[in-house]
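This is query-v2.cif. It holds mmCIF, C-alpha atoms.
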data_run
#
loop_
_atom_site.group_PDB
_atom_site.id
_atom_site.type_symbol
_atom_site.label_atom_id
_atom_site.label_comp_id
_atom_site.auth_asym_id
_atom_site.auth_seq_id
_atom_site.Cartn_x
_atom_site.Cartn_y
_atom_site.Cartn_z
ATOM 1 C CA MET A 262 -3.605 14.523 -13.028
ATOM 2 C CA SER A 263 -2.436 16.992 -15.662
ATOM 3 C CA ALA A 264 -4.224 19.849 -13.883
ATOM 4 C CA LEU A 265 -2.323 19.149 -10.687
ATOM 5 C CA GLU A 266 0.810 21.110 -9.986
ATOM 6 C CA HIS A 267 3.989 19.060 -10.254
ATOM 7 C CA SER A 268 6.173 19.277 -7.183
ATOM 8 C CA HIS A 269 9.638 18.784 -8.679
ATOM 9 C CA ASN A 270 10.293 22.512 -9.037
ATOM 10 C CA MET A 271 9.451 23.384 -5.419
ATOM 11 C CA THR A 272 12.349 23.703 -2.974
ATOM 12 C CA LEU A 273 10.331 23.576 0.253
ATOM 13 C CA SER A 274 9.691 20.032 1.526
ATOM 14 C CA LEU A 275 6.650 19.459 3.735
ATOM 15 C CA GLY A 276 6.406 16.192 5.647
ATOM 16 C CA ILE A 277 3.261 15.078 7.469
ATOM 17 C CA ASP A 278 3.041 12.251 9.993
ATOM 18 C CA LEU A 279 -0.572 11.117 10.251
ATOM 19 C CA GLY A 280 -0.722 9.274 13.564
ATOM 20 C CA GLY A 281 -3.535 7.771 15.567
ATOM 21 C CA THR A 282 -3.571 10.609 18.105
ATOM 22 C CA LYS A 283 -1.797 13.516 16.402
ATOM 23 C CA ILE A 284 -1.043 14.908 12.958
ATOM 24 C CA GLU A 285 2.338 16.614 12.721
ATOM 25 C CA ILE A 286 3.812 18.675 9.875
ATOM 26 C CA ILE A 287 7.388 19.788 9.343
ATOM 27 C CA ALA A 288 8.895 22.147 6.754
ATOM 28 C CA LEU A 289 12.475 21.489 5.615
ATOM 29 C CA ASP A 290 14.698 23.538 3.359
ATOM 30 C CA PRO A 291 16.787 21.712 0.688
ATOM 31 C CA SER A 292 19.628 21.116 3.193
ATOM 32 C CA GLY A 293 17.267 19.413 5.666
ATOM 33 C CA ARG A 294 17.124 22.345 8.073
ATOM 34 C CA GLU A 295 13.847 22.527 9.981
ATOM 35 C CA LEU A 296 11.971 25.764 9.307
ATOM 36 C CA LEU A 297 8.660 25.176 11.065
ATOM 37 C CA ARG A 298 6.755 22.431 12.859
ATOM 38 C CA ARG A 299 3.100 22.237 13.888
ATOM 39 C CA ARG A 300 0.799 19.549 15.252
ATOM 40 C CA VAL A 301 -2.933 19.105 15.819
ATOM 41 C CA PRO A 302 -4.977 16.261 17.376
ATOM 42 C CA THR A 303 -6.190 13.619 14.923
ATOM 43 C CA PRO A 304 -9.995 13.782 14.514
ATOM 44 C CA GLN A 305 -10.862 10.375 15.973
ATOM 45 C CA GLY A 306 -12.696 8.041 13.597
ATOM 46 C CA ASP A 307 -13.463 10.930 11.222
ATOM 47 C CA TYR A 308 -12.019 10.469 7.719
ATOM 48 C CA THR A 309 -13.370 13.732 6.275
ATOM 49 C CA GLY A 310 -12.158 15.649 9.327
ATOM 50 C CA THR A 311 -8.723 14.026 9.050
ATOM 51 C CA VAL A 312 -8.325 15.019 5.399
ATOM 52 C CA ALA A 313 -9.414 18.572 6.235
ATOM 53 C CA ALA A 314 -6.941 18.720 9.151
ATOM 54 C CA VAL A 315 -4.021 17.609 6.943
ATOM 55 C CA ALA A 316 -4.900 20.141 4.247
ATOM 56 C CA GLY A 317 -5.341 22.845 6.881
ATOM 57 C CA LEU A 318 -1.855 22.229 8.276
ATOM 58 C CA VAL A 319 -0.312 22.496 4.805
ATOM 59 C CA GLU A 320 -2.137 25.733 4.042
ATOM 60 C CA ALA A 321 -1.267 27.256 7.425
ATOM 61 C CA ILE A 322 2.450 26.463 7.239
ATOM 62 C CA GLU A 323 2.688 27.671 3.636
ATOM 63 C CA GLY A 324 0.945 30.887 4.654
ATOM 64 C CA GLU A 325 3.498 31.455 7.418
ATOM 65 C CA LEU A 326 6.475 30.732 5.172
ATOM 66 C CA GLY A 327 5.078 32.495 2.106
ATOM 67 C CA GLN A 328 5.861 29.654 -0.312
ATOM 68 C CA ARG A 329 4.368 26.396 -1.568
ATOM 69 C CA GLY A 330 6.012 23.042 -0.961
ATOM 70 C CA ARG A 331 6.250 19.429 -2.037
ATOM 71 C CA VAL A 332 4.065 17.320 0.259
ATOM 72 C CA GLY A 333 4.886 13.837 1.544
ATOM 73 C CA LEU A 334 2.600 11.973 3.944
ATOM 74 C CA GLY A 335 3.423 9.091 6.281
ATOM 75 C CA ILE A 336 0.494 6.931 7.374
ATOM 76 C CA PRO A 337 0.009 3.900 9.676
ATOM 77 C CA GLY A 338 -0.918 1.727 6.709
ATOM 78 C CA THR A 339 -0.261 1.611 2.989
ATOM 79 C CA GLU A 340 -1.899 2.199 -0.388
ATOM 80 C CA SER A 341 -3.271 -0.820 -2.181
ATOM 81 C CA ALA A 342 -1.432 -1.623 -5.410
ATOM 82 C CA THR A 343 -4.849 -1.812 -7.074
ATOM 83 C CA GLY A 344 -6.903 1.362 -6.967
ATOM 84 C CA GLY A 345 -4.799 3.251 -4.429
ATOM 85 C CA LEU A 346 -7.223 2.793 -1.523
ATOM 86 C CA ILE A 347 -5.712 2.592 1.959
ATOM 87 C CA LYS A 348 -5.169 -0.868 3.505
ATOM 88 C CA ASN A 349 -3.503 -2.348 6.614
ATOM 89 C CA ALA A 350 -4.130 0.853 8.617
ATOM 90 C CA ASN A 351 -4.519 0.729 12.378
ATOM 91 C CA SER A 352 -6.327 4.078 12.049
ATOM 92 C CA THR A 353 -9.330 2.203 10.699
ATOM 93 C CA CYS A 354 -11.237 5.225 9.359
ATOM 94 C CA LEU A 355 -8.581 5.431 6.592
ATOM 95 C CA ILE A 356 -9.188 1.878 5.339
ATOM 96 C CA GLY A 357 -10.770 1.720 1.901
ATOM 97 C CA GLN A 358 -10.486 5.494 1.386
ATOM 98 C CA PRO A 359 -8.878 7.277 -1.608
ATOM 99 C CA LEU A 360 -6.670 9.410 0.659
ATOM 100 C CA ARG A 361 -4.146 10.517 -1.963
ATOM 101 C CA ARG A 362 -6.833 11.498 -4.467
ATOM 102 C CA ASP A 363 -8.802 13.474 -1.868
ATOM 103 C CA LEU A 364 -5.729 15.362 -0.655
ATOM 104 C CA GLN A 365 -4.532 16.086 -4.194
ATOM 105 C CA THR A 366 -7.936 17.551 -4.997
ATOM 106 C CA LEU A 367 -7.876 19.776 -1.914
ATOM 107 C CA LEU A 368 -4.249 20.914 -2.243
ATOM 108 C CA GLN A 369 -4.102 21.003 -6.058
ATOM 109 C CA ARG A 370 -0.769 19.266 -6.394
ATOM 110 C CA GLN A 371 0.713 15.773 -6.453
ATOM 111 C CA ILE A 372 1.148 14.085 -3.066
ATOM 112 C CA ARG A 373 3.378 11.165 -2.127
ATOM 113 C CA ILE A 374 2.174 8.725 0.534
ATOM 114 C CA GLU A 375 4.210 6.052 2.297
ATOM 115 C CA ASN A 376 3.925 3.748 5.278
ATOM 116 C CA ASP A 377 5.212 5.390 8.461
ATOM 117 C CA ALA A 378 7.918 2.736 8.972
ATOM 118 C CA ASN A 379 9.172 3.457 5.447
ATOM 119 C CA CYS A 380 9.274 7.163 6.314
ATOM 120 C CA PHE A 381 11.269 6.368 9.459
ATOM 121 C CA ALA A 382 13.763 4.319 7.426
ATOM 122 C CA LEU A 383 14.079 7.045 4.778
ATOM 123 C CA SER A 384 14.713 9.757 7.355
ATOM 124 C CA GLU A 385 17.452 7.737 9.020
ATOM 125 C CA ALA A 386 18.994 6.810 5.639
ATOM 126 C CA VAL A 387 19.090 10.363 4.257
ATOM 127 C CA ASP A 388 20.467 12.331 7.214
ATOM 128 C CA GLY A 389 20.193 10.062 10.248
ATOM 129 C CA ALA A 390 22.051 7.076 11.685
ATOM 130 C CA GLY A 391 22.230 5.379 8.278
ATOM 131 C CA GLN A 392 23.511 8.388 6.340
ATOM 132 C CA GLY A 393 25.915 7.308 3.601
ATOM 133 C CA ALA A 394 24.910 3.624 3.687
ATOM 134 C CA GLY A 395 23.739 1.973 0.476
ATOM 135 C CA ILE A 396 21.070 -0.234 2.071
ATOM 136 C CA VAL A 397 19.354 0.673 5.334
ATOM 137 C CA PHE A 398 16.750 -1.441 7.117
ATOM 138 C CA GLY A 399 14.651 0.657 9.493
ATOM 139 C CA VAL A 400 12.979 -1.187 12.367
ATOM 140 C CA ILE A 401 10.100 -0.043 14.558
ATOM 141 C CA LEU A 402 9.949 -1.864 17.901
ATOM 142 C CA GLY A 403 6.918 -0.417 19.635
ATOM 143 C CA THR A 404 3.255 -1.317 20.108
ATOM 144 C CA GLY A 405 3.751 -3.265 16.885
ATOM 145 C CA VAL A 406 6.783 -4.308 14.849
ATOM 146 C CA GLY A 407 7.323 -2.646 11.489
ATOM 147 C CA GLY A 408 10.126 -2.154 9.039
ATOM 148 C CA GLY A 409 11.200 -0.264 5.957
ATOM 149 C CA ILE A 410 13.892 -0.768 3.327
ATOM 150 C CA VAL A 411 15.815 2.129 1.768
ATOM 151 C CA ALA A 412 18.277 1.498 -1.043
ATOM 152 C CA HIS A 413 20.425 4.443 -2.141
ATOM 153 C CA GLU A 414 18.059 6.926 -0.478
ATOM 154 C CA ARG A 415 14.966 5.535 -2.206
ATOM 155 C CA VAL A 416 12.203 3.651 -0.390
ATOM 156 C CA LEU A 417 11.698 0.126 -1.679
ATOM 157 C CA THR A 418 7.945 -0.470 -1.723
ATOM 158 C CA GLY A 419 7.646 -3.716 -3.702
ATOM 159 C CA ALA A 420 5.022 -5.294 -5.952
ATOM 160 C CA ASN A 421 2.437 -5.530 -3.150
ATOM 161 C CA HIS A 422 3.474 -2.381 -1.259
ATOM 162 C CA ILE A 423 4.569 -4.481 1.744
ATOM 163 C CA ALA A 424 8.393 -4.456 1.484
ATOM 164 C CA GLY A 425 9.951 -4.493 4.941
ATOM 165 C CA GLU A 426 7.006 -6.114 6.751
ATOM 166 C CA TRP A 427 9.283 -8.505 8.640
ATOM 167 C CA GLY A 428 7.033 -8.360 11.725
ATOM 168 C CA HIS A 429 4.530 -10.701 10.080
ATOM 169 C CA ASN A 430 6.916 -13.522 9.335
ATOM 170 C CA PRO A 431 7.208 -16.330 11.878
ATOM 171 C CA LEU A 432 10.056 -16.111 14.381
ATOM 172 C CA PRO A 433 12.868 -18.309 13.005
ATOM 173 C CA TYR A 434 14.808 -21.021 14.880
ATOM 174 C CA PRO A 435 12.222 -21.525 17.649
ATOM 175 C CA GLU A 436 13.456 -22.746 21.018
ATOM 176 C CA ASP A 437 11.136 -22.341 24.014
ATOM 177 C CA GLU A 438 8.949 -20.263 21.688
ATOM 178 C CA ALA A 439 7.595 -23.390 19.995
ATOM 179 C CA LEU A 440 4.627 -23.797 22.340
ATOM 180 C CA PRO A 441 2.178 -22.201 22.249
ATOM 181 C CA PRO A 442 2.522 -19.754 19.354
ATOM 182 C CA ALA A 443 0.756 -16.506 20.160
ATOM 183 C CA VAL A 444 -2.045 -15.345 17.859
ATOM 184 C CA CYS A 445 -1.246 -12.070 16.063
ATOM 185 C CA TYR A 446 -3.838 -9.410 15.222
ATOM 186 C CA CYS A 447 -3.237 -10.275 11.546
ATOM 187 C CA GLY A 448 -4.832 -13.681 12.199
ATOM 188 C CA ARG A 449 -1.654 -15.776 11.986
ATOM 189 C CA GLN A 450 0.261 -17.416 14.813
ATOM 190 C CA GLY A 451 3.834 -16.922 15.970
ATOM 191 C CA CYS A 452 4.574 -13.685 14.116
ATOM 192 C CA VAL A 453 7.784 -11.826 15.001
ATOM 193 C CA GLU A 454 5.534 -8.986 16.217
ATOM 194 C CA THR A 455 4.010 -11.172 18.940
ATOM 195 C CA TRP A 456 7.512 -11.692 20.405
ATOM 196 C CA LEU A 457 9.320 -8.410 19.767
ATOM 197 C CA SER A 458 6.668 -5.715 20.294
ATOM 198 C CA GLY A 459 6.316 -3.973 23.657
ATOM 199 C CA PRO A 460 3.169 -5.984 24.500
ATOM 200 C CA GLY A 461 5.019 -9.124 23.336
ATOM 201 C CA LEU A 462 7.852 -8.481 25.794
ATOM 202 C CA THR A 463 5.366 -7.874 28.613
ATOM 203 C CA ALA A 464 3.471 -11.080 27.717
ATOM 204 C CA ASP A 465 6.657 -13.151 27.606
ATOM 205 C CA HIS A 466 7.679 -11.982 31.082
ATOM 206 C CA ALA A 467 4.177 -12.735 32.394
ATOM 207 C CA ARG A 468 4.246 -16.272 30.919
ATOM 208 C CA HIS A 469 7.462 -17.075 32.759
ATOM 209 C CA ASN A 470 6.893 -15.160 36.000
ATOM 210 C CA ASN A 471 3.160 -14.619 36.533
ATOM 211 C CA GLU A 472 3.651 -10.861 36.867
ATOM 212 C CA THR A 473 2.758 -8.131 34.409
ATOM 213 C CA LEU A 474 5.433 -5.468 33.958
ATOM 214 C CA SER A 475 5.952 -2.786 31.312
ATOM 215 C CA PRO A 476 9.089 -3.069 29.148
ATOM 216 C CA GLN A 477 10.509 -0.029 30.985
ATOM 217 C CA ASP A 478 9.993 -1.715 34.359
ATOM 218 C CA ILE A 479 11.527 -4.967 33.113
ATOM 219 C CA GLU A 480 14.621 -3.103 31.922
ATOM 220 C CA ALA A 481 14.913 -1.062 35.139
ATOM 221 C CA ARG A 482 14.642 -4.164 37.342
ATOM 222 C CA ALA A 483 17.177 -6.049 35.224
ATOM 223 C CA ARG A 484 19.617 -3.168 35.738
ATOM 224 C CA GLN A 485 19.102 -3.516 39.489
ATOM 225 C CA GLY A 486 19.997 -7.213 39.354
ATOM 226 C CA ASP A 487 16.547 -8.855 39.136
ATOM 227 C CA ALA A 488 17.334 -12.295 37.712
ATOM 228 C CA ALA A 489 13.866 -12.930 36.256
ATOM 229 C CA CYS A 490 13.838 -9.614 34.372
ATOM 230 C CA GLU A 491 17.388 -10.198 33.154
ATOM 231 C CA ALA A 492 16.332 -13.613 31.810
ATOM 232 C CA THR A 493 13.351 -12.010 30.020
ATOM 233 C CA LEU A 494 15.609 -9.461 28.301
ATOM 234 C CA GLN A 495 18.090 -12.143 27.306
ATOM 235 C CA ARG A 496 15.277 -14.122 25.658
ATOM 236 C CA TYR A 497 14.155 -10.920 23.907
ATOM 237 C CA GLU A 498 17.670 -10.187 22.635
ATOM 238 C CA ARG A 499 18.110 -13.693 21.263
ATOM 239 C CA ARG A 500 14.769 -13.511 19.455
ATOM 240 C CA LEU A 501 15.621 -10.083 18.020
ATOM 241 C CA ALA A 502 19.001 -11.419 16.864
ATOM 242 C CA LYS A 503 17.367 -14.396 15.116
ATOM 243 C CA ALA A 504 14.725 -12.263 13.416
ATOM 244 C CA LEU A 505 17.262 -9.663 12.232
ATOM 245 C CA ALA A 506 19.690 -12.355 11.054
ATOM 246 C CA GLN A 507 17.005 -13.505 8.631
ATOM 247 C CA VAL A 508 16.761 -9.928 7.306
ATOM 248 C CA ILE A 509 20.560 -9.714 6.974
ATOM 249 C CA ASN A 510 20.633 -13.011 5.046
ATOM 250 C CA ILE A 511 18.173 -11.572 2.495
ATOM 251 C CA LEU A 512 19.001 -7.838 2.289
ATOM 252 C CA ASP A 513 22.577 -7.685 3.605
ATOM 253 C CA PRO A 514 22.151 -4.054 4.743
ATOM 254 C CA GLU A 515 25.094 -1.947 5.872
ATOM 255 C CA VAL A 516 22.972 -0.499 8.675
ATOM 256 C CA ILE A 517 19.930 -1.561 10.695
ATOM 257 C CA VAL A 518 18.416 1.385 12.582
ATOM 258 C CA LEU A 519 16.084 0.798 15.523
ATOM 259 C CA GLY A 520 13.150 3.053 16.366
ATOM 260 C CA GLY A 521 10.069 2.834 18.566
ATOM 261 C CA GLY A 522 9.929 2.713 22.352
ATOM 262 C CA LEU A 523 12.047 -0.427 22.779
ATOM 263 C CA SER A 524 14.906 1.121 20.776
ATOM 264 C CA ASN A 525 15.809 3.082 23.921
ATOM 265 C CA MET A 526 17.296 -0.034 25.562
ATOM 266 C CA ASP A 527 21.046 0.617 25.321
ATOM 267 C CA ARG A 528 21.960 -3.026 25.828
ATOM 268 C CA LEU A 529 20.414 -4.085 22.497
ATOM 269 C CA TYR A 530 23.162 -2.376 20.498
ATOM 270 C CA SER A 531 25.996 -4.311 22.148
ATOM 271 C CA ASN A 532 24.280 -7.655 22.820
ATOM 272 C CA VAL A 533 22.246 -8.358 19.668
ATOM 273 C CA PRO A 534 25.102 -8.145 17.104
ATOM 274 C CA VAL A 535 27.091 -10.656 19.179
ATOM 275 C CA LEU A 536 24.107 -13.026 19.119
ATOM 276 C CA TRP A 537 23.143 -12.644 15.464
ATOM 277 C CA ALA A 538 26.564 -13.901 14.294
ATOM 278 C CA GLU A 539 25.334 -17.427 15.101
ATOM 279 C CA TYR A 540 22.494 -17.125 12.560
ATOM 280 C CA VAL A 541 23.937 -14.997 9.718
ATOM 281 C CA PHE A 542 25.233 -16.976 6.731
ATOM 282 C CA SER A 543 28.638 -15.311 6.674
ATOM 283 C CA ASP A 544 32.043 -15.689 8.286
ATOM 284 C CA ILE A 545 31.943 -12.016 9.306
ATOM 285 C CA VAL A 546 28.985 -9.673 9.880
ATOM 286 C CA ARG A 547 29.746 -6.045 9.054
ATOM 287 C CA THR A 548 26.123 -4.876 9.415
ATOM 288 C CA LYS A 549 25.839 -2.213 12.120
ATOM 289 C CA LEU A 550 22.953 -2.028 14.578
ATOM 290 C CA LEU A 551 22.377 1.643 15.418
ATOM 291 C CA ARG A 552 20.016 3.774 17.451
ATOM 292 C CA ASN A 553 17.986 6.293 15.437
ATOM 293 C CA ARG A 554 19.276 9.872 15.282
ATOM 294 C CA HIS A 555 15.979 11.725 14.892
ATOM 295 C CA GLY A 556 13.825 9.883 17.427
ATOM 296 C CA ASP A 557 10.108 10.617 17.255
ATOM 297 C CA SER A 558 10.772 13.126 14.453
ATOM 298 C CA SER A 559 11.969 10.493 11.995
ATOM 299 C CA GLY A 560 8.477 9.738 10.657
ATOM 300 C CA VAL A 561 7.683 13.334 9.806
ATOM 301 C CA ARG A 562 11.185 14.044 8.458
ATOM 302 C CA GLY A 563 11.043 10.935 6.279
ATOM 303 C CA ALA A 564 7.705 12.036 4.848
ATOM 304 C CA ALA A 565 9.349 15.321 3.845
ATOM 305 C CA TRP A 566 12.143 13.369 2.102
ATOM 306 C CA LEU A 567 9.697 11.366 -0.072
ATOM 307 C CA TRP A 568 10.365 13.804 -2.922
ATOM 308 C CA ASN A 569 14.114 13.457 -2.394
ATOM 309 C CA GLU A 570 15.357 12.133 -5.745
ATOM 310 C CA LYS A 571 19.123 12.095 -5.810
#
Whole structure given in structure tokens:
Amino acid sequence: MSALEHSHNMTLSLGIDLGGTKIEIIALDPSGRELLRRRVPTPQGDYTGTVAAVAGLVEAIEGELGQRGRVGLGIPGTESATGGLIKNANSTCLIGQPLRRDLQTLLQRQIRIENDANCFALSEAVDGAGQGAGIVFGVILGTGVGGGIVAHERVLTGANHIAGEWGHNPLPYPEDEALPPAVCYCGRQGCVETWLSGPGLTADHARHNNETLSPQDIEARARQGDAACEATLQRYERRLAKALAQVINILDPEVIVLGGGLSNMDRLYSNVPVLWAEYVFSDIVRTKLLRNRHGDSSGVRGAAWLWNEK
């Protein structure tokens, strides 16, 4: 590692969001102002091609800006605490690969890698909806359910590199959810993810109504007065309130920021905090539930902030 360039003395921050379909890079100046942004398709199922694409984006953006930068990378997975190989990645070609080592060799500097939900939480904590809060819990409600914890603008990773993985706990206080518990891709039954993801919402509506609708259609129909869709969303809100109450009881964050496709439902921000009061172990709940400020850019911005060390 001694031959690698240390990144503390660089002022340019480069964040990369390595997604399943696209790789995006952003360059930020020290104030967080966006200087450049580029994206390329992710080479499908091709680890070597993916590493080359990431390195190519860094070299191209540095060439345009005429300076080198500190590089942070957000991935749909995490590094194993033993050996640094990638685990838990839904981009399966990354699993078992020494991604950090390979990129550091190519780019000749130290690289920081974090889970994409952690990058989302960091972005929103530094200069997003959670700016100024001591503890921020970032939530992804999308195809899956993820989370990240940021304390005083630093990502909390934990002993096993899984801090914030609330989506793979069982849903607490089951009501009609008790039978039958859905099987999660992780192999367990009844995970929060199976209830609160987009596919989970669609499946819940189908169980009760024998019709398959997207979350967007369910929300639109509820707005138009469809009683069945309204009932589905009320079940969803109660489950989200119960699952987040458990997080509040453990972390007691000032702010919970929602991201992912389901975070666009306006009603969540007024309804869920009313419901979670029933489950939080406190006479008053000051935790705020907020919509993200940076939207789809939070992952790539958070990756750029991984070298942020205030």
* Asked: Selected by the PyMOL selection byres ((chain A and resi 281) around 7) in the shown coordinates: which residues, as a ChimeraX atom specification?
  -> /A:279-280,282-283,303,352
* Resolved residues for the PyMOL selection byres ((chain A and resi 477) around 10) as a list in words ->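 Listing what the PyMOL selection byres ((chain A and resi 477) around 10) selects in the shown file: Gly459, Thr463, Leu474, Ser475, Pro476, Asp478, Ile479, Glu480, Ala481, Arg482, Ala483, Gly522, Leu523, Asn525 and Met526 of chain A.
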* Could you check which of A:Pro304, A:Gly310, A:Gly419, A:Gly407 is closest to Gly338 (chain A), using all atoms listed in the file? =>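 Once distances to Gly338 (chain A) are computed over all atoms listed in the file, the minimum belongs to A:Gly407.
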* **Resolved residues for the PyMOL selection byres ((chain A and resi 357-371) around 12) as a VMD selection string** => chain A and resid 262 to 271 279 307 to 321 323 329 to 336 338 to 341 343 to 350 352 to 356 372 to 375 567 to 568
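One finds CA of Thr418 (chain A) at 26.5 Å from CA of Arg294 (chain A).
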* **For CA of Ala382 (chain A) and CA of Ala443 (chain A), the interatomic separation in Å (one decimal)** =>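 Distance between the two atoms: 27.7 Å.
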